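Below is the file run_24.txt, which contains compact mmCIF, C-alpha atoms (C1' of nucleotides).
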# COMPACT_ATOMS: atom_id res chain seq x y z
CA MET N 90 -119.97 87.81 -55.61
CA LYS N 91 -120.74 84.88 -57.92
CA ASN N 92 -117.30 83.51 -57.15
CA ILE N 93 -118.30 82.89 -53.54
CA LEU N 94 -120.98 80.51 -54.78
CA PHE N 95 -118.68 78.77 -57.25
CA ASP N 96 -115.93 78.41 -54.66
CA PHE N 97 -118.48 76.81 -52.40
CA ILE N 98 -119.75 74.39 -55.04
CA SER N 99 -116.20 73.52 -56.09
CA LYS N 100 -115.71 71.93 -52.67
CA TYR N 101 -118.11 69.21 -53.84
CA VAL N 102 -117.80 68.92 -57.64
CA SER N 103 -115.93 70.78 -60.35
CA LEU N 104 -118.00 72.83 -62.76
CA THR N 105 -117.31 73.55 -66.42
CA GLU N 106 -117.67 77.11 -67.74
CA ASP N 107 -120.89 76.03 -69.45
CA GLU N 108 -122.32 74.77 -66.20
CA LYS N 109 -121.37 78.00 -64.45
CA ASN N 110 -123.13 79.92 -67.21
CA VAL N 111 -126.27 77.86 -66.71
CA ILE N 112 -126.26 78.83 -63.04
CA VAL N 113 -125.67 82.51 -63.77
CA SER N 114 -128.46 82.50 -66.38
CA LEU N 115 -130.90 81.38 -63.67
CA ASP N 116 -130.73 84.89 -62.25
CA ILE N 117 -130.85 83.85 -58.60
CA PHE N 118 -128.73 86.58 -57.02
CA ARG N 119 -130.66 88.96 -54.77
CA SER N 120 -129.72 91.94 -52.67
CA VAL N 121 -131.89 92.22 -49.56
CA LYS N 122 -132.23 95.08 -47.06
CA LYS N 123 -131.93 94.59 -43.31
CA GLY N 124 -135.34 94.00 -41.78
CA THR N 125 -136.87 92.39 -44.86
CA THR N 126 -139.15 89.45 -44.14
CA LEU N 127 -138.45 86.66 -46.62
CA LEU N 128 -141.10 84.24 -45.41
CA LYS N 129 -144.06 84.52 -43.06
CA GLU N 130 -145.84 81.95 -40.93
CA GLY N 131 -148.72 80.41 -42.88
CA GLN N 132 -147.22 81.18 -46.29
CA LYS N 133 -146.38 78.52 -48.83
CA SER N 134 -143.02 78.81 -50.53
CA LYS N 135 -140.67 76.87 -52.75
CA ASP N 136 -137.65 79.06 -52.14
CA SER N 137 -134.32 78.00 -50.73
CA TYR N 138 -131.61 80.46 -49.71
CA PHE N 139 -127.85 80.57 -49.77
CA VAL N 140 -126.14 83.43 -47.95
CA LEU N 141 -123.31 85.05 -49.89
CA LYS N 142 -123.05 88.00 -47.52
CA GLY N 143 -125.01 89.09 -44.45
CA CYS N 144 -127.22 87.21 -42.02
CA ILE N 145 -130.75 85.86 -41.95
CA ARG N 146 -132.65 84.33 -39.07
CA THR N 147 -135.58 81.97 -38.64
CA TYR N 148 -138.07 82.50 -35.82
CA TYR N 149 -141.41 81.26 -34.58
CA VAL N 150 -144.03 83.45 -32.95
CA VAL N 151 -145.49 81.68 -29.90
CA ASP N 152 -147.94 83.64 -27.71
CA SER N 153 -146.90 86.77 -29.64
CA GLU N 154 -143.30 86.19 -28.58
CA GLU N 155 -140.48 85.61 -31.06
CA LYS N 156 -138.49 82.40 -30.67
CA THR N 157 -135.34 82.57 -32.76
CA THR N 158 -134.05 79.11 -33.67
CA ALA N 159 -131.34 79.67 -36.27
CA PHE N 160 -129.00 82.15 -37.92
CA TYR N 161 -127.53 81.69 -41.39
CA THR N 162 -124.42 83.62 -42.37
CA GLU N 163 -121.85 83.58 -45.18
CA MET N 164 -121.66 80.24 -47.04
CA GLU N 165 -124.67 78.72 -45.30
CA ALA N 166 -127.73 77.29 -47.00
CA LEU N 167 -131.32 77.16 -45.81
CA THR N 168 -134.16 75.12 -47.27
CA PRO N 169 -137.18 75.78 -45.05
CA PRO N 170 -139.03 72.66 -43.88
CA CYS N 171 -142.21 73.96 -45.54
CA VAL N 172 -140.50 73.64 -48.94
CA ILE N 173 -139.85 69.96 -48.25
CA SER N 174 -143.20 69.18 -46.66
CA LYS N 175 -145.16 71.37 -49.10
CA THR N 176 -147.23 72.76 -46.24
CA PRO N 177 -147.64 76.34 -44.98
CA SER N 178 -144.60 77.62 -43.12
CA GLU N 179 -144.58 77.41 -39.34
CA TYR N 180 -141.98 80.11 -39.01
CA TYR N 181 -140.70 83.45 -40.26
CA ILE N 182 -137.45 84.18 -42.04
CA SER N 183 -136.04 87.67 -41.88
CA CYS N 184 -132.92 89.47 -42.82
CA ILE N 185 -130.99 90.94 -39.88
CA GLU N 186 -128.30 92.66 -41.97
CA ASP N 187 -128.19 94.05 -45.50
CA SER N 188 -127.47 90.81 -47.33
CA ILE N 189 -126.72 89.22 -50.66
CA LEU N 190 -128.43 85.88 -51.18
CA THR N 191 -129.19 83.38 -53.85
CA VAL N 192 -132.86 82.49 -53.95
CA SER N 193 -133.68 79.29 -55.80
CA ASN N 194 -137.00 77.65 -56.47
CA SER N 195 -137.53 73.94 -55.82
CA ASP N 196 -139.14 73.42 -59.25
CA MET N 197 -136.06 74.94 -60.81
CA GLU N 198 -133.84 72.69 -58.73
CA ALA N 199 -135.80 69.58 -59.69
CA GLU N 200 -135.37 70.46 -63.36
CA ILE N 201 -131.64 71.07 -63.02
CA ASN N 202 -131.18 67.91 -60.99
CA SER N 203 -132.76 65.81 -63.70
CA LYS N 204 -130.76 67.54 -66.46
CA PHE N 205 -127.43 67.60 -64.66
CA PRO N 206 -126.87 64.58 -62.39
CA LYS N 207 -123.84 66.42 -61.08
CA PHE N 208 -126.10 68.91 -59.33
CA GLU N 209 -128.10 66.17 -57.73
CA THR N 210 -124.84 64.77 -56.36
CA VAL N 211 -123.97 68.17 -54.88
CA CYS N 212 -127.41 68.41 -53.30
CA ARG N 213 -127.19 64.90 -51.89
CA ILE N 214 -123.74 65.37 -50.38
CA LEU N 215 -124.67 68.78 -49.05
CA SER N 216 -127.78 67.55 -47.28
CA GLU N 217 -125.95 64.55 -45.89
CA GLU N 218 -123.27 66.83 -44.49
CA LEU N 219 -125.80 69.31 -43.12
CA LEU N 220 -127.76 66.49 -41.54
CA ALA N 221 -124.66 65.18 -39.77
CA LYS N 222 -123.58 68.66 -38.69
CA GLN N 223 -127.02 69.56 -37.40
CA ARG N 224 -127.26 66.25 -35.58
CA MET N 225 -124.07 67.11 -33.72
CA ASP N 226 -125.31 70.62 -32.93
CA PHE N 227 -128.55 69.16 -31.57
CA ASP N 228 -126.67 66.60 -29.48
CA GLU N 229 -124.42 69.30 -28.07
CA PHE N 230 -127.43 71.44 -27.21
CA LYS N 231 -129.17 68.57 -25.46
CA THR N 232 -126.17 67.63 -23.38
CA SER N 233 -125.24 71.17 -22.28
CA SER N 234 -126.46 73.73 -19.77
CA PRO N 235 -127.36 77.24 -21.00
CA GLU N 236 -124.02 78.51 -19.70
CA GLN N 237 -122.08 75.80 -21.54
CA ARG N 238 -124.06 76.56 -24.69
CA TYR N 239 -123.14 80.21 -24.47
CA LEU N 240 -119.46 79.40 -23.96
CA ASN N 241 -119.61 76.96 -26.87
CA LEU N 242 -121.11 79.59 -29.11
CA LEU N 243 -118.47 82.08 -28.00
CA HIS N 244 -115.90 79.54 -29.11
CA LYS N 245 -117.49 78.28 -32.32
CA ARG N 246 -119.23 81.33 -33.74
CA PRO N 247 -117.85 84.39 -31.93
CA ASP N 248 -119.04 86.57 -34.82
CA LEU N 249 -122.70 85.81 -34.01
CA ILE N 250 -122.39 87.25 -30.52
CA GLN N 251 -121.20 90.50 -32.07
CA ARG N 252 -123.62 90.84 -34.94
CA VAL N 253 -126.86 89.52 -33.43
CA PRO N 254 -129.09 91.31 -30.85
CA GLN N 255 -128.91 89.78 -27.35
CA HIS N 256 -132.59 88.90 -27.09
CA GLN N 257 -132.39 86.91 -30.33
CA LEU N 258 -129.24 85.16 -29.11
CA ALA N 259 -131.02 84.30 -25.87
CA SER N 260 -133.85 82.44 -27.52
CA TYR N 261 -131.32 80.80 -29.87
CA LEU N 262 -129.71 79.46 -26.66
CA GLY N 263 -133.11 78.37 -25.37
CA ILE N 264 -133.35 80.93 -22.55
CA LYS N 265 -134.82 84.38 -21.76
CA PRO N 266 -132.88 87.61 -22.40
CA GLN N 267 -132.71 88.33 -18.66
CA SER N 268 -131.12 84.93 -18.08
CA LEU N 269 -128.53 85.58 -20.77
CA SER N 270 -127.64 88.92 -19.14
CA ARG N 271 -127.33 87.27 -15.77
CA LEU N 272 -125.35 84.33 -17.12
CA ARG N 273 -122.87 86.67 -18.81
CA ALA N 274 -122.46 88.66 -15.59
CA ARG N 275 -121.85 85.37 -13.76
CA ILE N 276 -119.15 84.31 -16.23
CA LEU N 277 -117.49 87.73 -15.94
CA GLU N 278 -117.57 87.44 -12.17
CA LYS N 279 -115.93 84.00 -12.30
CA SER N 280 -113.17 85.15 -14.66
CA LYS N 281 -112.32 88.02 -12.27
CA ALA N 282 -112.08 85.81 -9.22
CA MET M 157 -138.78 41.36 -43.64
CA LYS M 158 -137.32 42.56 -46.94
CA ASN M 159 -140.71 43.89 -47.85
CA ILE M 160 -140.50 46.48 -45.08
CA LEU M 161 -137.46 47.95 -46.80
CA PHE M 162 -139.02 47.87 -50.24
CA ASP M 163 -142.24 49.41 -48.98
CA PHE M 164 -140.15 52.16 -47.47
CA ILE M 165 -138.17 52.80 -50.65
CA SER M 166 -141.33 52.69 -52.77
CA LYS M 167 -142.45 55.87 -51.03
CA TYR M 168 -139.69 57.64 -52.94
CA VAL M 169 -139.12 55.75 -56.21
CA SER M 170 -140.47 52.58 -57.78
CA LEU M 171 -138.04 49.68 -58.11
CA THR M 172 -137.95 47.01 -60.79
CA GLU M 173 -137.56 43.34 -59.80
CA ASP M 174 -133.98 43.53 -61.06
CA GLU M 175 -133.23 46.46 -58.84
CA LYS M 176 -134.75 44.69 -55.86
CA ASN M 177 -132.57 41.68 -56.61
CA VAL M 178 -129.48 43.89 -56.65
CA ILE M 179 -130.38 45.11 -53.17
CA VAL M 180 -131.04 41.62 -51.84
CA SER M 181 -127.75 40.37 -53.31
CA LEU M 182 -125.90 42.96 -51.22
CA ASP M 183 -126.63 40.83 -48.18
CA ILE M 184 -127.25 43.73 -45.80
CA PHE M 185 -129.85 42.20 -43.49
CA ARG M 186 -128.63 41.60 -39.94
CA SER M 187 -130.23 40.24 -36.80
CA VAL M 188 -128.83 41.88 -33.67
CA LYS M 189 -129.26 40.93 -30.00
CA LYS M 190 -130.34 43.39 -27.33
CA GLY M 191 -127.33 44.96 -25.68
CA THR M 192 -125.05 44.68 -28.70
CA THR M 193 -122.79 47.68 -29.25
CA LEU M 194 -122.72 48.56 -32.94
CA LEU M 195 -120.24 51.43 -32.73
CA LYS M 196 -117.91 52.70 -30.02
CA GLU M 197 -116.46 56.13 -29.35
CA GLY M 198 -113.12 56.51 -31.12
CA GLN M 199 -113.89 53.88 -33.77
CA LYS M 200 -113.94 54.61 -37.46
CA SER M 201 -116.85 53.21 -39.42
CA LYS M 202 -118.50 53.42 -42.80
CA ASP M 203 -121.73 51.73 -41.78
CA SER M 204 -125.22 53.18 -41.98
CA TYR M 205 -128.24 51.52 -40.40
CA PHE M 206 -131.89 51.14 -41.21
CA VAL M 207 -134.16 49.67 -38.56
CA LEU M 208 -136.60 47.05 -39.84
CA LYS M 209 -137.58 45.91 -36.36
CA GLY M 210 -136.43 46.85 -32.86
CA CYS M 211 -134.70 49.92 -31.48
CA ILE M 212 -131.18 51.32 -31.38
CA ARG M 213 -129.85 54.31 -29.49
CA THR M 214 -126.93 56.70 -29.80
CA TYR M 215 -125.19 58.02 -26.69
CA TYR M 216 -122.14 59.95 -25.63
CA VAL M 217 -120.12 59.21 -22.53
CA VAL M 218 -119.25 62.46 -20.72
CA ASP M 219 -117.49 62.22 -17.34
CA SER M 220 -118.30 58.49 -17.35
CA GLU M 221 -121.99 59.34 -17.65
CA GLU M 222 -124.12 58.23 -20.60
CA LYS M 223 -125.92 60.97 -22.52
CA THR M 224 -128.53 59.46 -24.82
CA THR M 225 -129.34 61.73 -27.75
CA ALA M 226 -131.43 59.64 -30.13
CA PHE M 227 -133.51 56.52 -30.61
CA TYR M 228 -134.14 54.88 -33.96
CA THR M 229 -137.08 52.53 -34.36
CA GLU M 230 -138.96 50.80 -37.20
CA MET M 231 -138.50 52.52 -40.59
CA GLU M 232 -135.86 54.95 -39.38
CA ALA M 233 -132.40 55.39 -40.86
CA LEU M 234 -129.15 56.41 -39.18
CA THR M 235 -125.95 57.48 -40.84
CA PRO M 236 -123.54 58.37 -38.02
CA PRO M 237 -121.78 61.74 -38.39
CA CYS M 238 -118.41 59.94 -38.31
CA VAL M 239 -119.30 58.20 -41.58
CA ILE M 240 -119.81 61.59 -43.22
CA SER M 241 -116.86 63.36 -41.62
CA LYS M 242 -114.57 60.31 -41.91
CA THR M 243 -113.28 60.89 -38.41
CA PRO M 244 -113.42 58.65 -35.31
CA SER M 245 -116.88 58.43 -33.79
CA GLU M 246 -117.72 60.71 -30.89
CA TYR M 247 -120.51 58.47 -29.71
CA TYR M 248 -121.71 54.92 -29.14
CA ILE M 249 -124.53 53.10 -30.88
CA SER M 250 -126.18 50.21 -29.14
CA CYS M 251 -129.13 47.97 -29.56
CA ILE M 252 -131.77 48.28 -26.85
CA GLU M 253 -134.05 45.52 -28.16
CA ASP M 254 -133.47 42.38 -30.23
CA SER M 255 -133.53 43.99 -33.67
CA ILE M 256 -133.39 43.40 -37.38
CA LEU M 257 -131.38 46.00 -39.26
CA THR M 258 -129.88 46.63 -42.62
CA VAL M 259 -126.22 47.58 -42.39
CA SER M 260 -124.79 49.26 -45.45
CA ASN M 261 -121.31 50.46 -46.16
CA SER M 262 -120.69 53.95 -47.59
CA ASP M 263 -118.33 52.59 -50.28
CA MET M 264 -121.07 50.23 -51.36
CA GLU M 265 -123.54 53.13 -51.42
CA ALA M 266 -121.21 55.28 -53.49
CA GLU M 267 -120.89 52.49 -56.04
CA ILE M 268 -124.62 51.92 -56.26
CA ASN M 269 -125.30 55.63 -56.47
CA SER M 270 -123.02 55.95 -59.48
CA LYS M 271 -124.46 52.87 -61.16
CA PHE M 272 -128.13 53.61 -60.43
CA PRO M 273 -128.94 57.33 -60.41
CA LYS M 274 -132.32 56.35 -59.03
CA PHE M 275 -130.68 55.40 -55.72
CA GLU M 276 -128.89 58.69 -55.54
CA THR M 277 -132.26 60.39 -55.94
CA VAL M 278 -133.68 58.35 -53.05
CA CYS M 279 -130.71 59.24 -50.89
CA ARG M 280 -130.98 62.93 -51.76
CA ILE M 281 -134.70 63.14 -51.05
CA LEU M 282 -134.33 61.11 -47.88
CA SER M 283 -131.60 63.31 -46.45
CA GLU M 284 -133.48 66.46 -47.42
CA GLU M 285 -136.55 65.17 -45.62
CA LEU M 286 -134.59 64.04 -42.57
CA LEU M 287 -132.83 67.38 -42.45
CA ALA M 288 -136.15 69.25 -42.45
CA LYS M 289 -137.67 66.90 -39.89
CA GLN M 290 -134.69 67.10 -37.60
CA ARG M 291 -134.63 70.88 -37.93
CA MET M 292 -138.21 70.97 -36.68
CA ASP M 293 -137.41 68.60 -33.81
CA PHE M 294 -134.47 70.78 -32.81
CA ASP M 295 -136.59 73.94 -32.98
CA GLU M 296 -139.27 72.33 -30.85
CA PHE M 297 -136.70 71.23 -28.30
CA LYS M 298 -135.19 74.73 -28.11
CA THR M 299 -138.51 76.44 -27.64
CA SER M 300 -139.91 74.06 -25.02
CA SER M 301 -139.45 73.42 -21.32
CA PRO M 302 -138.55 69.88 -20.14
CA GLU M 303 -142.17 69.32 -19.14
CA GLN M 304 -143.46 70.41 -22.55
CA ARG M 305 -140.87 68.18 -24.22
CA TYR M 306 -142.08 65.20 -22.23
CA LEU M 307 -145.72 65.91 -23.09
CA ASN M 308 -144.75 66.32 -26.74
CA LEU M 309 -142.98 62.99 -26.74
CA LEU M 310 -145.96 61.37 -25.07
CA HIS M 311 -148.04 62.68 -27.94
CA LYS M 312 -145.68 62.05 -30.86
CA ARG M 313 -143.90 58.84 -29.90
CA PRO M 314 -145.85 57.23 -27.06
CA ASP M 315 -144.20 53.90 -27.89
CA LEU M 316 -140.77 55.23 -26.86
CA ILE M 317 -141.96 55.97 -23.33
CA GLN M 318 -143.00 52.34 -23.03
CA ARG M 319 -140.03 50.63 -24.60
CA VAL M 320 -137.12 52.78 -23.41
CA PRO M 321 -135.66 52.89 -19.86
CA GLN M 322 -136.50 56.10 -17.95
CA HIS M 323 -132.92 57.19 -17.39
CA GLN M 324 -132.25 57.02 -21.13
CA LEU M 325 -135.45 58.93 -21.83
CA ALA M 326 -134.39 61.58 -19.33
CA SER M 327 -131.14 62.41 -21.04
CA TYR M 328 -132.95 62.28 -24.39
CA LEU M 329 -135.14 65.05 -22.94
CA GLY M 330 -132.06 66.93 -21.75
CA ILE M 331 -132.62 66.38 -18.02
CA LYS M 332 -131.63 64.07 -15.14
CA PRO M 333 -133.59 60.89 -14.32
CA GLN M 334 -134.64 62.36 -10.95
CA SER M 335 -136.07 65.39 -12.72
CA LEU M 336 -138.03 63.19 -15.09
CA SER M 337 -139.51 61.25 -12.15
CA ARG M 338 -140.46 64.47 -10.41
CA LEU M 339 -141.86 66.02 -13.57
CA ARG M 340 -144.06 62.98 -14.17
CA ALA M 341 -145.32 63.08 -10.59
CA ARG M 342 -146.09 66.77 -11.09
CA ILE M 343 -148.09 66.10 -14.25
CA LEU M 344 -150.01 63.31 -12.52
CA GLU M 345 -150.75 65.66 -9.62
CA LYS M 346 -152.09 68.29 -12.00
CA SER M 347 -154.33 65.85 -13.86
CA LYS M 348 -155.86 64.73 -10.57
CA ALA M 349 -156.65 68.23 -9.36
C1' DT U 286 -135.59 117.04 -33.03
C1' DA U 287 -138.77 115.21 -29.89
C1' DA U 288 -141.57 111.40 -28.61
C1' DA U 289 -142.14 106.55 -28.74
C1' DA U 290 -140.60 102.11 -29.00
C1' DT U 291 -137.12 98.72 -28.38
C1' DC U 292 -133.23 96.86 -26.05
C1' DG U 293 -130.09 95.44 -22.39
C1' DT U 294 -129.39 95.15 -17.60
C1' DT U 295 -130.47 94.67 -12.76
C1' DC U 296 -133.34 93.25 -8.85
C1' DA U 297 -136.51 90.59 -5.94
C1' DC U 298 -139.24 86.77 -6.03
C1' DT U 299 -140.98 82.18 -7.85
C1' DT U 300 -140.42 77.91 -9.96
C1' DA U 301 -138.10 74.04 -11.50
C1' DA U 302 -133.91 71.53 -12.44
C1' DG U 303 -129.34 69.73 -10.42
C1' DT U 304 -127.23 67.24 -6.54
C1' DT U 305 -126.68 64.02 -2.95
C1' DA U 306 -128.48 60.41 -0.52
C1' DA U 307 -131.48 56.65 0.65
C1' DG U 308 -134.47 52.94 -0.10
C1' DA U 309 -137.71 50.02 -2.84
C1' DA U 310 -138.39 47.51 -7.10
C1' DA U 311 -136.89 45.19 -11.05
C1' DT U 312 -133.43 42.78 -13.55
C1' DG U 313 -129.61 39.81 -14.44
C1' DA U 314 -126.13 36.43 -13.26
C1' DA U 315 -124.17 32.73 -10.50
C1' DT K 265 -133.35 30.76 -6.08
C1' DT K 266 -130.34 33.98 -4.23
C1' DC K 267 -127.22 37.69 -4.46
C1' DA K 268 -125.62 41.68 -6.81
C1' DT K 269 -126.48 45.26 -9.84
C1' DT K 270 -129.16 48.44 -11.99
C1' DT K 271 -133.17 51.20 -12.19
C1' DC K 272 -136.79 54.15 -10.44
C1' DT K 273 -138.63 57.04 -7.06
C1' DT K 274 -138.71 60.19 -3.18
C1' DA K 275 -136.83 63.76 -0.28
C1' DA K 276 -134.08 67.77 1.35
C1' DC K 277 -131.13 71.11 -0.14
C1' DT K 278 -128.64 74.03 -3.76
C1' DT K 279 -128.40 76.38 -7.95
C1' DA K 280 -130.04 78.58 -11.85
C1' DA K 281 -133.72 79.81 -14.98
C1' DG K 282 -138.47 82.12 -15.40
C1' DT K 283 -141.25 86.22 -14.18
C1' DG K 284 -142.54 90.92 -13.45
C1' DA K 285 -140.98 95.33 -12.86
C1' DA K 286 -138.00 99.26 -13.19
C1' DC K 287 -134.55 102.13 -15.39
C1' DG K 288 -131.22 104.00 -18.53
C1' DA K 289 -129.49 103.67 -23.22
C1' DT K 290 -130.24 103.14 -27.87
C1' DT K 291 -132.84 103.18 -31.99
C1' DT K 292 -136.84 104.26 -34.71
C1' DT K 293 -140.18 107.15 -36.50
C1' DA K 294 -143.30 110.87 -36.78

Have the structure of the file written as structure tokens, please.
Amino acid sequence: MKNILFDFISKYVSLTEDEKNVIVSLDIFRSVKKGTTLLKEGQKSKDSYFVLKGCIRTYYVVDSEEKTTAFYTEMEALTPPCVISKTPSEYYISCIEDSILTVSNSDMEAEINSKFPKFETVCRILSEELLAKQRMDFDEFKTSSPEQRYLNLLHKRPDLIQRVPQHQLASYLGIKPQSLSRLRARILEKSKA
Amino acid sequence: MKNILFDFISKYVSLTEDEKNVIVSLDIFRSVKKGTTLLKEGQKSKDSYFVLKGCIRTYYVVDSEEKTTAFYTEMEALTPPCVISKTPSEYYISCIEDSILTVSNSDMEAEINSKFPKFETVCRILSEELLAKQRMDFDEFKTSSPEQRYLNLLHKRPDLIQRVPQHQLASYLGIKPQSLSRLRARILEKSKA
DNA sequence: TAAAATCGTTCACTTAAGTTAAGAAATGAA
DNA sequence: TTCATTTCTTAACTTAAGTGAACGATTTTA
């Protein structure tokens, strides 16, 4: 399981055995059951997550309704905005499959960054890449209709449509579950004709 | 004008006079006329921008129609995704007001980062913050209706509504110019009643 | 295992955005 | 200044998403 993390890091910098041992000694690997809530609205937290296996989601509760905004699966990293802004979280994070994660504390990261400049470089490159990727996702969302968004998702992350409940997918696409049902029926109808 | 940049950087790290001189010697300050295109679709570029004064926008051209996705004004930084991915740009960047920018090359940044770890720290923190901020913007967009988005913008960046043409604002809000006109009339109607 | 809760779909109805077109206002260029 | 272009608004019509409700299927839990 550790190898997944090291393979990931090796895309950015190469690590010595010593450096790998430092990471392992941090004891950041966690096994988490489906349904576990990792963060609640209003809580303060310094924890960042990296998904080795499974799936976690972030959601807001607005008028007692869940609004799912993101899913994180294998090889994806999540640093909640509240960790950066040092304010109480505006959203929830929960585990939608039995998962294996790394959970790292921002104090810990700060210490490692100052001791090993190499890690800071990884963090910098990673956030720059994520920023660019997310920018493109946002742009695509803005410039597409719900139907196009669904078709895009089908193309880019077909796994999500299988492993995630429809009503969570719907709010991820910015629409209501009934609209997603209808939209799928419409697409099916078109493909028949 | 340089002071704007140094004030900005000083929010993250403190610079010595020597370090400031290094930055000035890079000769990155540029004055740009309204209407200038800084980047075109299909071009490769290594340039990042920081707005000292004025406003630039990014837009895609889809079916010969402009889709504006972002505006950058005073104290905002833009590293186009194509600089990160090293692929041809998918969008245009143009200047919508006479502006003063810094234009920095990614090779130059890489060199400075390796020479002055302090700069790498600024870059890391800055991208982490931007990533968190943009994540929240994206979440807000996803969970709001066009009307709510407009009201949000009115609240958070009232200046944009003044300085940016309506049709560009509309696509920034993910709708057509006609819909924005109608939506504004609707809001006005409500506030009267 | 039975009851309760959640989930996905369908339907009828409402609301708002997309589309097409037209005209007035503002802007830019000759 | 005048002409041409672009921009903004309005309107009528079309399309699709939101809403509320119902129902069966699935999942949870007592």

Within 10 Å of chain U, which residues of chain M are there when counting only C-alpha atoms (C1' of nucleotides)? Please give them as number ranges by chain.
M: 301-303, 331-332, 334-336, 338-339

Produce a file of the selected residues containing C-alpha atoms, as a CSV table (one decimal), in the frame of the given file.
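File written: out20.csv
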chain,number,residue,atom,x,y,z
M,301,SER,CA,-139.4,73.4,-21.3
M,302,PRO,CA,-138.6,69.9,-20.1
M,303,GLU,CA,-142.2,69.3,-19.1
M,331,ILE,CA,-132.6,66.4,-18.0
M,332,LYS,CA,-131.6,64.1,-15.1
M,334,GLN,CA,-134.6,62.4,-11.0
M,335,SER,CA,-136.1,65.4,-12.7
M,336,LEU,CA,-138.0,63.2,-15.1
M,338,ARG,CA,-140.5,64.5,-10.4
M,339,LEU,CA,-141.9,66.0,-13.6

Near chain N, which residues of chain M fall within 7 Å when you count only C-alpha atoms, and what do they look like as a ChimeraX atom specification?
/M:223,225,237,240,279-280,283-285,287-288,294-295,298-299,330

Residues of chain M at most 8 Å from chain K: nearest atom pair and distance in Å, only C-alpha atoms (C1' of nucleotides), as a tab-separated table:
residue	atom	partner	partner_atom	distance
M:Gln322	CA	K:DC272	C1'	7.8
M:His323	CA	K:DT271	C1'	7.9
M:Gln334	CA	K:DT273	C1'	7.7
M:Ser337	CA	K:DT273	C1'	6.7

Pull C-alpha atoms from the residues just selected and write them as a short mmCIF file (atom, residue, chain, number, x, y, z; two decimals), keeping the file's coordinate frame.
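Result saved to selection.cif:
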data_model
loop_
_atom_site.label_atom_id
_atom_site.label_comp_id
_atom_site.auth_asym_id
_atom_site.auth_seq_id
_atom_site.Cartn_x
_atom_site.Cartn_y
_atom_site.Cartn_z
CA GLN M 322 -136.50 56.10 -17.95
CA HIS M 323 -132.92 57.19 -17.39
CA GLN M 334 -134.64 62.36 -10.95
CA SER M 337 -139.51 61.25 -12.15
#

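Compared by their closest atoms to N:Leu127, and using only C-alpha atoms, the residues N:Asn92, N:Ser178, N:Ser103, N:Asn241 rank with N:Ser178 nearest.
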
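Computed from the coordinates, the atom CA of M:Glu345 to atom CA of M:Arg313 distance equals 22.5 Å.
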
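Note that atom CA of M:Ile343 and atom CA of M:Leu307 are 9.2 Å apart.
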
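The spacing separating atom CA of N:Tyr101 from atom CA of N:Arg146 amounts to 25.7 Å.
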
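For the choices N:Val113, N:Leu128, N:Leu94, N:Leu249, the atom-to-atom distance to N:Pro177 is smallest for N:Leu128 when using all atoms listed in the file.
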